[in-house]
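Source file: run-v8.pdb (PDB, C-alpha atoms)
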MODEL        1
ATOM      1  CA  MET A1409      12.367  51.236 -12.353
ATOM      2  CA  ALA A1410       9.678  50.654  -9.713
ATOM      3  CA  ASN A1411       7.189  49.697 -12.417
ATOM      4  CA  GLU A1412       9.639  47.258 -13.854
ATOM      5  CA  LEU A1413      10.170  45.620 -10.484
ATOM      6  CA  GLU A1414       6.452  45.377  -9.874
ATOM      7  CA  ALA A1415       5.955  43.722 -13.240
ATOM      8  CA  GLN A1416       8.693  41.233 -12.426
ATOM      9  CA  VAL A1417       7.157  40.412  -9.053
ATOM     10  CA  GLN A1418       3.795  39.838 -10.696
ATOM     11  CA  LEU A1419       5.388  37.551 -13.274
ATOM     12  CA  LEU A1420       7.154  35.572 -10.560
ATOM     13  CA  GLU A1421       3.969  35.288  -8.524
ATOM     14  CA  ALA A1422       2.096  33.944 -11.539
ATOM     15  CA  GLN A1423       4.842  31.438 -12.230
ATOM     16  CA  LEU A1424       4.928  30.344  -8.596
ATOM     17  CA  LYS A1425       1.174  29.782  -8.613
ATOM     18  CA  LYS A1426       1.484  27.678 -11.747
ATOM     19  CA  LEU A1427       4.293  25.618 -10.213
ATOM     20  CA  GLN A1428       2.317  25.076  -7.010
ATOM     21  CA  LYS A1429      -0.685  23.911  -9.008
ATOM     22  CA  ASN A1430       1.386  21.430 -10.997
ATOM     23  CA  GLN A1431       3.260  20.046  -8.017
ATOM     24  CA  PRO A1432       2.519  16.374  -7.460
ATOM     25  CA  LYS A1433       0.650  15.419  -4.298
ATOM     26  CA  ASP A1434       1.997  13.041  -1.686
ATOM     27  CA  GLN A1435       0.241  10.282  -3.573
ATOM     28  CA  LEU A1436       1.049   6.853  -4.998
ATOM     29  CA  SER A1437      -0.689   5.411  -8.063
ATOM     30  CA  ILE A1438      -0.309   1.727  -8.864
ATOM     31  CA  ILE A1439      -1.583  -0.014 -11.962
ATOM     32  CA  VAL A1440      -2.194  -3.665 -11.159
ATOM     33  CA  PHE A1441      -2.188  -5.335 -14.549
ATOM     34  CA  SER A1442      -0.896  -8.724 -13.464
ATOM     35  CA  GLY A1443      -3.002 -11.471 -11.965
ATOM     36  CA  ASP A1444       0.017 -13.353 -10.608
ATOM     37  CA  LEU A1445       0.002 -13.975  -6.873
ATOM     38  CA  ASP A1446       3.595 -12.855  -6.295
ATOM     39  CA  LYS A1447       3.161  -9.620  -8.218
ATOM     40  CA  VAL A1448      -0.109  -8.582  -6.584
ATOM     41  CA  LEU A1449       1.362  -9.425  -3.171
ATOM     42  CA  ALA A1450       4.141  -6.936  -3.881
ATOM     43  CA  ALA A1451       1.591  -4.363  -5.038
ATOM     44  CA  MET A1452      -0.507  -4.750  -1.871
ATOM     45  CA  ILE A1453       2.546  -4.555   0.427
ATOM     46  CA  ILE A1454       3.690  -1.334  -1.250
ATOM     47  CA  ALA A1455       0.161   0.107  -1.122
ATOM     48  CA  THR A1456      -0.409  -0.589   2.583
ATOM     49  CA  GLY A1457       3.141   0.528   3.434
ATOM     50  CA  ALA A1458       2.529   3.819   1.642
ATOM     51  CA  ARG A1459      -0.606   4.407   3.717
ATOM     52  CA  ALA A1460       1.509   3.921   6.855
ATOM     53  CA  MET A1461       3.745   6.679   5.423
ATOM     54  CA  ASP A1462       0.603   8.844   5.153
ATOM     55  CA  MET A1463       0.560   8.879   1.355
ATOM     56  CA  GLU A1464      -2.706   8.817  -0.556
ATOM     57  CA  VAL A1465      -2.866   5.510  -2.414
ATOM     58  CA  LYS A1466      -4.827   4.696  -5.550
ATOM     59  CA  MET A1467      -4.699   1.263  -7.094
ATOM     60  CA  PHE A1468      -5.985   0.773 -10.621
ATOM     61  CA  PHE A1469      -6.877  -2.799 -11.462
ATOM     62  CA  THR A1470      -6.959  -3.673 -15.108
ATOM     63  CA  PHE A1471      -6.833  -6.807 -17.325
ATOM     64  CA  TRP A1472      -5.704  -9.900 -15.382
ATOM     65  CA  GLY A1473      -5.507  -7.878 -12.182
ATOM     66  CA  THR A1474      -9.298  -7.500 -11.963
ATOM     67  CA  ALA A1475      -9.887 -11.231 -11.358
ATOM     68  CA  MET A1476      -8.292 -10.914  -7.923
ATOM     69  CA  LEU A1477     -11.170  -8.687  -6.832
ATOM     70  CA  ARG A1478     -13.874 -11.244  -7.593
ATOM     71  CA  ASP A1479     -15.721 -12.629  -4.598
ATOM     72  CA  LYS A1480     -15.593 -16.422  -4.614
ATOM     73  CA  ASN A1481     -18.951 -16.612  -2.855
ATOM     74  CA  LYS A1482     -20.867 -14.525  -5.361
ATOM     75  CA  SER A1483     -22.353 -15.965  -8.562
ATOM     76  CA  PRO A1484     -24.083 -13.359 -10.699
ATOM     77  CA  LYS A1485     -26.885 -14.426 -13.018
ATOM     78  CA  GLY A1486     -27.552 -13.529 -16.630
ATOM     79  CA  LYS A1487     -24.083 -13.922 -18.167
ATOM     80  CA  ASP A1488     -23.722 -14.767 -21.845
ATOM     81  CA  PHE A1489     -21.762 -17.815 -23.033
ATOM     82  CA  MET A1490     -18.414 -16.054 -23.569
ATOM     83  CA  SER A1491     -18.590 -14.281 -20.205
ATOM     84  CA  LYS A1492     -19.338 -17.585 -18.507
ATOM     85  CA  MET A1493     -16.347 -19.186 -20.244
ATOM     86  CA  PHE A1494     -14.038 -16.341 -19.231
ATOM     87  CA  GLY A1495     -15.420 -16.424 -15.739
ATOM     88  CA  PHE A1496     -14.715 -20.126 -15.560
ATOM     89  CA  MET A1497     -11.159 -19.875 -16.892
ATOM     90  CA  LEU A1498      -9.998 -16.905 -14.834
ATOM     91  CA  PRO A1499      -9.271 -17.113 -11.103
ATOM     92  CA  LYS A1500     -12.319 -16.509  -8.955
ATOM     93  CA  GLY A1501     -10.836 -14.253  -6.334
ATOM     94  CA  SER A1502      -7.579 -13.717  -4.463
ATOM     95  CA  THR A1503      -7.292 -17.268  -3.113
ATOM     96  CA  LYS A1504      -7.153 -18.724  -6.624
ATOM     97  CA  LEU A1505      -4.144 -16.797  -7.966
ATOM     98  CA  LYS A1506      -0.995 -18.606  -9.036
ATOM     99  CA  LEU A1507       2.696 -17.713  -8.900
ATOM    100  CA  SER A1508       4.317 -16.220 -11.989
ATOM    101  CA  LYS A1509       7.242 -18.604 -11.563
ATOM    102  CA  LEU A1510       7.638 -22.096 -10.076
ATOM    103  CA  ASN A1511       3.908 -22.708  -9.977
ATOM    104  CA  MET A1512       4.469 -26.391 -10.847
ATOM    105  CA  CYS A1513       0.782 -27.181 -11.359
ATOM    106  CA  GLY A1514      -0.104 -25.409  -8.140
ATOM    107  CA  MET A1515       2.448 -27.172  -5.974
ATOM    108  CA  GLY A1516       4.758 -24.137  -5.895
ATOM    109  CA  THR A1517       1.897 -21.809  -4.986
ATOM    110  CA  ALA A1518       0.787 -24.112  -2.159
ATOM    111  CA  MET A1519       4.362 -24.321  -0.881
ATOM    112  CA  LEU A1520       4.776 -20.555  -0.927
ATOM    113  CA  LYS A1521       1.505 -20.024   0.949
ATOM    114  CA  ASP A1522       2.625 -22.531   3.556
ATOM    115  CA  LEU A1523       5.993 -20.782   3.850
ATOM    116  CA  MET A1524       4.299 -17.384   4.186
ATOM    117  CA  LYS A1525       2.247 -18.705   7.083
ATOM    118  CA  LYS A1526       5.349 -20.096   8.803
ATOM    119  CA  LYS A1527       7.253 -16.834   8.346
ATOM    120  CA  ASN A1528       4.296 -14.702   9.416
ATOM    121  CA  VAL A1529       3.995 -12.947   6.063
ATOM    122  CA  ALA A1530       0.482 -11.567   5.612
ATOM    123  CA  SER A1531      -1.670 -13.444   3.091
ATOM    124  CA  LEU A1532      -3.178 -11.630   0.132
ATOM    125  CA  GLU A1533      -6.580 -11.748   1.856
ATOM    126  CA  ASP A1534      -5.091 -10.175   5.023
ATOM    127  CA  LEU A1535      -3.467  -7.479   2.918
ATOM    128  CA  ILE A1536      -6.753  -6.634   1.180
ATOM    129  CA  ALA A1537      -8.422  -6.299   4.591
ATOM    130  CA  THR A1538      -5.538  -4.107   5.822
ATOM    131  CA  ALA A1539      -5.769  -1.966   2.684
ATOM    132  CA  ALA A1540      -9.484  -1.441   3.375
ATOM    133  CA  GLU A1541      -8.781  -0.541   7.000
ATOM    134  CA  PHE A1542      -6.023   1.916   6.075
ATOM    135  CA  GLY A1543      -7.991   3.588   3.296
ATOM    136  CA  VAL A1544      -6.319   2.383   0.107
ATOM    137  CA  GLU A1545      -8.543   3.394  -2.791
ATOM    138  CA  ILE A1546      -9.348   0.740  -5.388
ATOM    139  CA  CYS A1547     -10.343   1.677  -8.932
ATOM    140  CA  ILE A1548     -11.360  -1.013 -11.393
ATOM    141  CA  CYS A1549     -11.048  -0.567 -15.129
ATOM    142  CA  GLU A1550     -14.566  -0.592 -16.546
ATOM    143  CA  MET A1551     -13.326  -1.774 -19.927
ATOM    144  CA  SER A1552     -11.620  -4.848 -18.414
ATOM    145  CA  MET A1553     -14.827  -5.694 -16.540
ATOM    146  CA  ASN A1554     -16.752  -5.569 -19.808
ATOM    147  CA  LEU A1555     -14.149  -7.449 -21.772
ATOM    148  CA  MET A1556     -13.903 -10.329 -19.310
ATOM    149  CA  GLY A1557     -17.611 -10.306 -18.688
ATOM    150  CA  PHE A1558     -17.298  -9.626 -14.957
ATOM    151  CA  LYS A1559     -20.295  -8.078 -13.240
ATOM    152  CA  LYS A1560     -20.148  -5.552 -10.432
ATOM    153  CA  GLU A1561     -22.291  -7.911  -8.335
ATOM    154  CA  GLU A1562     -19.490 -10.498  -8.277
ATOM    155  CA  MET A1563     -16.758  -8.183  -6.986
ATOM    156  CA  ILE A1564     -15.637  -8.071  -3.337
ATOM    157  CA  ASP A1565     -17.223  -5.778  -0.768
ATOM    158  CA  TYR A1566     -14.648  -3.047  -0.317
ATOM    159  CA  PRO A1567     -15.263   0.346   1.312
ATOM    160  CA  ASN A1568     -13.452   2.459  -1.247
ATOM    161  CA  LEU A1569     -14.087   0.918  -4.641
ATOM    162  CA  SER A1570     -15.070   2.541  -7.916
ATOM    163  CA  TYR A1571     -15.230   1.740 -11.620
ATOM    164  CA  VAL A1572     -13.251   4.097 -13.805
ATOM    165  CA  GLY A1573     -11.730   4.713 -17.221
ATOM    166  CA  VAL A1574      -8.195   5.529 -18.311
ATOM    167  CA  GLY A1575      -8.802   9.260 -17.898
ATOM    168  CA  THR A1576      -9.219   8.859 -14.148
ATOM    169  CA  TYR A1577      -5.971   6.939 -13.919
ATOM    170  CA  LEU A1578      -4.084   9.530 -15.982
ATOM    171  CA  SER A1579      -5.403  12.434 -13.988
ATOM    172  CA  ASP A1580      -4.563  10.723 -10.677
ATOM    173  CA  ALA A1581      -1.139   9.586 -11.921
ATOM    174  CA  ASP A1582      -0.439  13.127 -13.067
ATOM    175  CA  GLU A1583      -0.904  14.281  -9.474
ATOM    176  CA  SER A1584       1.151  11.460  -7.933
ATOM    177  CA  LYS A1585       4.758  11.547  -6.847
ATOM    178  CA  ILE A1586       5.133   7.828  -7.470
ATOM    179  CA  GLN A1587       3.604   5.729 -10.215
ATOM    180  CA  LEU A1588       4.018   2.000 -10.561
ATOM    181  CA  PHE A1589       2.928  -0.563 -13.127
ATOM    182  CA  ILE A1590       2.787  -4.092 -11.796
TER
ATOM    183  CA  MET B1409      21.529   8.459  21.735
ATOM    184  CA  THR B1410      23.848   5.829  23.186
ATOM    185  CA  THR B1411      22.646   2.337  24.022
ATOM    186  CA  GLU B1412      22.790   3.163  27.744
ATOM    187  CA  GLU B1413      20.698   6.293  27.245
ATOM    188  CA  LEU B1414      18.159   4.334  25.202
ATOM    189  CA  LYS B1415      17.997   1.592  27.822
ATOM    190  CA  ALA B1416      17.298   4.200  30.492
ATOM    191  CA  LEU B1417      14.379   5.650  28.522
ATOM    192  CA  LYS B1418      10.839   5.235  29.811
ATOM    193  CA  SER B1419       8.586   4.467  26.864
ATOM    194  CA  ASP B1420       5.064   5.885  27.022
ATOM    195  CA  LYS B1421       3.876   3.313  24.505
ATOM    196  CA  VAL B1422       5.331  -0.029  23.422
ATOM    197  CA  VAL B1423       4.329  -1.591  20.116
ATOM    198  CA  ASP B1424       4.982  -5.306  19.994
ATOM    199  CA  ALA B1425       5.536  -6.174  16.349
ATOM    200  CA  ARG B1426       7.706  -9.200  16.999
ATOM    201  CA  SER B1427       7.179 -12.098  14.588
ATOM    202  CA  MET B1428       5.490  -9.729  12.112
ATOM    203  CA  ALA B1429       6.909  -9.575   8.598
ATOM    204  CA  CYS B1430       7.091  -6.513   6.377
ATOM    205  CA  PRO B1431       4.954  -4.345   6.234
ATOM    206  CA  GLY B1432       3.484  -5.473   9.611
ATOM    207  CA  PRO B1433       5.756  -3.469  11.978
ATOM    208  CA  LEU B1434       5.297  -0.276   9.969
ATOM    209  CA  LEU B1435       1.513  -0.660   9.948
ATOM    210  CA  ALA B1436       1.521  -1.482  13.670
ATOM    211  CA  ALA B1437       3.583   1.644  14.370
ATOM    212  CA  LYS B1438       1.231   3.764  12.290
ATOM    213  CA  LYS B1439      -1.791   2.373  14.153
ATOM    214  CA  ALA B1440      -0.228   2.953  17.570
ATOM    215  CA  ILE B1441       1.142   6.447  17.036
ATOM    216  CA  GLY B1442      -2.376   7.887  17.243
ATOM    217  CA  ASP B1443      -2.461   7.025  20.975
ATOM    218  CA  VAL B1444       0.799   8.863  21.630
ATOM    219  CA  ASP B1445       0.887  12.534  22.585
ATOM    220  CA  GLU B1446       3.408  14.999  21.262
ATOM    221  CA  GLY B1447       6.681  14.787  23.200
ATOM    222  CA  GLN B1448       5.961  11.227  24.348
ATOM    223  CA  ILE B1449       8.206   8.288  23.553
ATOM    224  CA  MET B1450       7.127   5.236  21.588
ATOM    225  CA  GLU B1451       9.081   2.006  21.400
ATOM    226  CA  ILE B1452       8.677  -0.561  18.621
ATOM    227  CA  LEU B1453       9.738  -4.167  19.095
ATOM    228  CA  SER B1454      10.500  -6.039  15.903
ATOM    229  CA  SER B1455      12.262  -9.197  14.814
ATOM    230  CA  ASP B1456      12.317  -8.062  11.192
ATOM    231  CA  GLU B1457      15.657  -6.491  10.307
ATOM    232  CA  GLY B1458      14.082  -4.291   7.620
ATOM    233  CA  THR B1459      12.240  -2.412  10.366
ATOM    234  CA  LYS B1460      15.580  -0.972  11.495
ATOM    235  CA  SER B1461      15.850   0.842   8.199
ATOM    236  CA  ASP B1462      12.115   1.567   7.775
ATOM    237  CA  ILE B1463      11.326   3.261  11.088
ATOM    238  CA  PRO B1464      13.973   6.027  10.858
ATOM    239  CA  LYS B1465      12.706   6.851   7.356
ATOM    240  CA  TRP B1466       9.101   6.746   8.538
ATOM    241  CA  CYS B1467      10.034   9.128  11.371
ATOM    242  CA  ARG B1468      11.698  11.545   8.962
ATOM    243  CA  LYS B1469       8.596  11.612   6.765
ATOM    244  CA  GLN B1470       6.209  12.028   9.697
ATOM    245  CA  GLU B1471       8.527  14.527  11.374
ATOM    246  CA  PHE B1472       9.022  12.467  14.531
ATOM    247  CA  GLU B1473      12.372  12.382  16.247
ATOM    248  CA  TYR B1474      14.078   9.012  15.800
ATOM    249  CA  LEU B1475      16.128   8.280  18.901
ATOM    250  CA  GLY B1476      17.906   5.057  17.983
ATOM    251  CA  SER B1477      17.719   1.297  18.388
ATOM    252  CA  ILE B1478      19.017  -1.510  20.576
ATOM    253  CA  ASP B1479      19.613  -5.060  19.310
ATOM    254  CA  GLU B1480      18.730  -7.733  21.839
ATOM    255  CA  ASP B1481      19.230 -11.287  20.547
ATOM    256  CA  GLY B1482      17.536 -10.748  17.215
ATOM    257  CA  ILE B1483      14.866  -8.435  18.626
ATOM    258  CA  TYR B1484      15.215  -4.795  17.701
ATOM    259  CA  ARG B1485      13.955  -2.093  20.039
ATOM    260  CA  LEU B1486      13.429   1.152  18.181
ATOM    261  CA  PHE B1487      12.699   4.430  19.947
ATOM    262  CA  LEU B1488      11.107   7.605  18.705
ATOM    263  CA  LYS B1489       9.763  10.821  20.128
ATOM    264  CA  LYS B1490       6.556  12.211  18.664
TER
ENDMDL
END
Here is a file; write its structure as structure tokens.
Amino acid sequence: MANELEAQVQLLEAQLKKLQKNQPKDQLSIIVFSGDLDKVLAAMIIATGARAMDMEVKMFFTFWGTAMLRDKNKSPKGKDFMSKMFGFMLPKGSTKLKLSKLNMCGMGTAMLKDLMKKKNVASLEDLIATAAEFGVEICICEMSMNLMGFKKEEMIDYPNLSYVGVGTYLSDADESKIQLFI
Amino acid sequence: MTTEELKALKSDKVVDARSMACPGPLLAAKKAIGDVDEGQIMEILSSDEGTKSDIPKWCRKQEFEYLGSIDEDGIYRLFLKK
């Protein structure tokens, strides 16, 4: 009887350990796939808000999302023709993004930015600075960088920035309580 | 706490987040709370109605005691005890 109980306790302890190990952390993972101004604004507001709630925050920028992290003042040398073309066609940094709706050849975007200023809504540039200050981690998809021909030298200076693959995202998402795809 | 009780409170720290839009007040509160000692009272001023819902939830997560809020002509005064 005593042996049986002991065996049961051991089994429960092992199961508890396994459960504890698999429990998600107080962490938020966001995939930023979109390069639309409105969508990345939402992503940045959620990310900075989560830091205020003391959550760990990891943002993964991939495909059109990566263009937002280009620095408009940096022009890397030695790009091939296709990379130059892509670089020319895609927005060079956060100030060049457009709305997903009602862009109206840029008029809608300009109107929204004006409205945001009037209503004291933080600009995308302010939000990036806040994210840096509050310790939001930024991971950029290496494959997207390659595909679009972006060079590391042309990306923004950000304290917590790294270049990663899908495995990093999956492992971090696996440990996160909240996962978002924007 | 009743409005009268809240009005009588002496805040140890006041965070002025008026005219800030979401997530400004929350970030301002987070920044300021570091200067507050345990047991002290912090007051957040906001003109953003969402703050009234956000701060109690923030308090619950951070394990601060949310004391209540007063509405004064579109300005919300929210009180918490660290």
Show me a table, sorted first by chain and then by increasing residue number, of the residues of chain A having an atom at most 6 Å from chain B, each with its shortest atom pair and the distance in Å to one decimal, counting only C-alpha atoms and written as a Markdown table.
| residue | atom | partner | partner_atom | distance |
| --- | --- | --- | --- | --- |
| A:Gly1457 | CA | B:Pro1431 | CA | 5.9 |
| A:Ala1460 | CA | B:Lys1438 | CA | 5.4 |
| A:Asn1528 | CA | B:Met1428 | CA | 5.8 |
| A:Val1529 | CA | B:Ala1429 | CA | 5.1 |
**Study point:** Expected selection from the PyMOL selection byres ((chain B and resi 1477) around 8), given as a ChimeraX atom specification
**Key:** /B:1411,1414,1460,1475-1476,1478-1479,1484-1487
Give me the result of the PyMOL selection byres ((chain A and resi 1573) around 10) on this file, residue by residue, as a PDB file with C-alpha atoms, keeping the file's coordinate frame.
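This went into expr_8.pdb:
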ATOM      1  CA  PHE A1468      -5.985   0.773 -10.621  1.00  0.00           C
ATOM      2  CA  THR A1470      -6.959  -3.673 -15.108  1.00  0.00           C
ATOM      3  CA  CYS A1547     -10.343   1.677  -8.932  1.00  0.00           C
ATOM      4  CA  ILE A1548     -11.360  -1.013 -11.393  1.00  0.00           C
ATOM      5  CA  CYS A1549     -11.048  -0.567 -15.129  1.00  0.00           C
ATOM      6  CA  GLU A1550     -14.566  -0.592 -16.546  1.00  0.00           C
ATOM      7  CA  MET A1551     -13.326  -1.774 -19.927  1.00  0.00           C
ATOM      8  CA  SER A1552     -11.620  -4.848 -18.414  1.00  0.00           C
ATOM      9  CA  TYR A1571     -15.230   1.740 -11.620  1.00  0.00           C
ATOM     10  CA  VAL A1572     -13.251   4.097 -13.805  1.00  0.00           C
ATOM     11  CA  VAL A1574      -8.195   5.529 -18.311  1.00  0.00           C
ATOM     12  CA  GLY A1575      -8.802   9.260 -17.898  1.00  0.00           C
ATOM     13  CA  THR A1576      -9.219   8.859 -14.148  1.00  0.00           C
ATOM     14  CA  TYR A1577      -5.971   6.939 -13.919  1.00  0.00           C
ATOM     15  CA  LEU A1578      -4.084   9.530 -15.982  1.00  0.00           C
TER      16      LEU A1578
END
Practice item. May I have the residues at most 7 Å from (-9.4, 2.1, -5.0) in the file's coordinates, counting all atoms listed in the file, as number ranges by chain? Key: A: 1466-1468, 1544-1547, 1568-1570
Exercise for review: Rounded to one decimal place, report the atom CA of Ala1451 of chain A-atom CA of Leu1588 of chain A distance in Å.
Suggested key: 8.8 Å
Practice item. Skip segment 1472-1481 of chain A itself and residues of its chain fewer than 5 positions away, then list as a list in words all residues within 9 Å of it, counting all atoms listed in the file. Key: Ile1439, Val1440, Phe1441, Ser1442, Gly1443, Asp1444, Leu1445, Val1448, Gly1495, Leu1498, Pro1499, Lys1500, Gly1501, Ser1502, Thr1503, Lys1504, Leu1505, Ile1548, Cys1549, Ser1552, Met1553, Met1556, Phe1558, Lys1560, Glu1561, Glu1562, Met1563, Ile1564 and Asp1565 of chain A
Check your understanding: If the PyMOL selection byres ((chain B and resi 1488) around 9) is run on the structure shown, which residues does it catch, given as a PyMOL selection string?
Key -> chain B and resi 1448-1452+1463-1464+1467+1472-1476+1486-1487+1489-1490
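One finds atom CA of Ile1453 of chain A at 15.5 Å from atom CA of Gln1435 of chain A.
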List the spatial neighbours of Asn1511 of chain A as a short mmCIF file (atom, residue, chain, number, x, y, z; two decimals) with C-alpha atoms, in the frame of the given file - criterion: any atom at most 12 Å away, all atoms listed in the file, same-chain residues fewer than 4 positions off excluded.
data_model
loop_
_atom_site.label_atom_id
_atom_site.label_comp_id
_atom_site.auth_asym_id
_atom_site.auth_seq_id
_atom_site.Cartn_x
_atom_site.Cartn_y
_atom_site.Cartn_z
CA ASP A 1444 0.02 -13.35 -10.61
CA LEU A 1445 0.00 -13.98 -6.87
CA ASP A 1446 3.60 -12.86 -6.30
CA LEU A 1505 -4.14 -16.80 -7.97
CA LYS A 1506 -1.00 -18.61 -9.04
CA LEU A 1507 2.70 -17.71 -8.90
CA MET A 1515 2.45 -27.17 -5.97
CA GLY A 1516 4.76 -24.14 -5.90
CA THR A 1517 1.90 -21.81 -4.99
CA ALA A 1518 0.79 -24.11 -2.16
CA MET A 1519 4.36 -24.32 -0.88
CA LEU A 1520 4.78 -20.56 -0.93
CA LYS A 1521 1.50 -20.02 0.95
#
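Relative to atom CA of Lys1426 of chain A, atom CA of Lys1585 of chain A is found at 17.2 Å.
Considering only C-alpha atoms, the residue among B:Glu1413, B:Glu1480, B:Lys1421, B:Leu1453 positioned nearest to Ile1441 of chain B is B:Lys1421.
With all atoms listed in the file as the atoms that count, the residue of A:Lys1527, A:Glu1464, A:Lys1509, A:Ile1536 with the shortest distance to Ser1455 of chain B is A:Lys1527.
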Listed atoms of segment 1434-1443 of chain B boxed axis-aligned with 5 Å per side, centre + edges as AutoDock Vina command-line options:
--center_x 1.4 --center_y 3.2 --center_z 15.5 --size_x 17.8 --size_y 19.4 --size_z 21.0
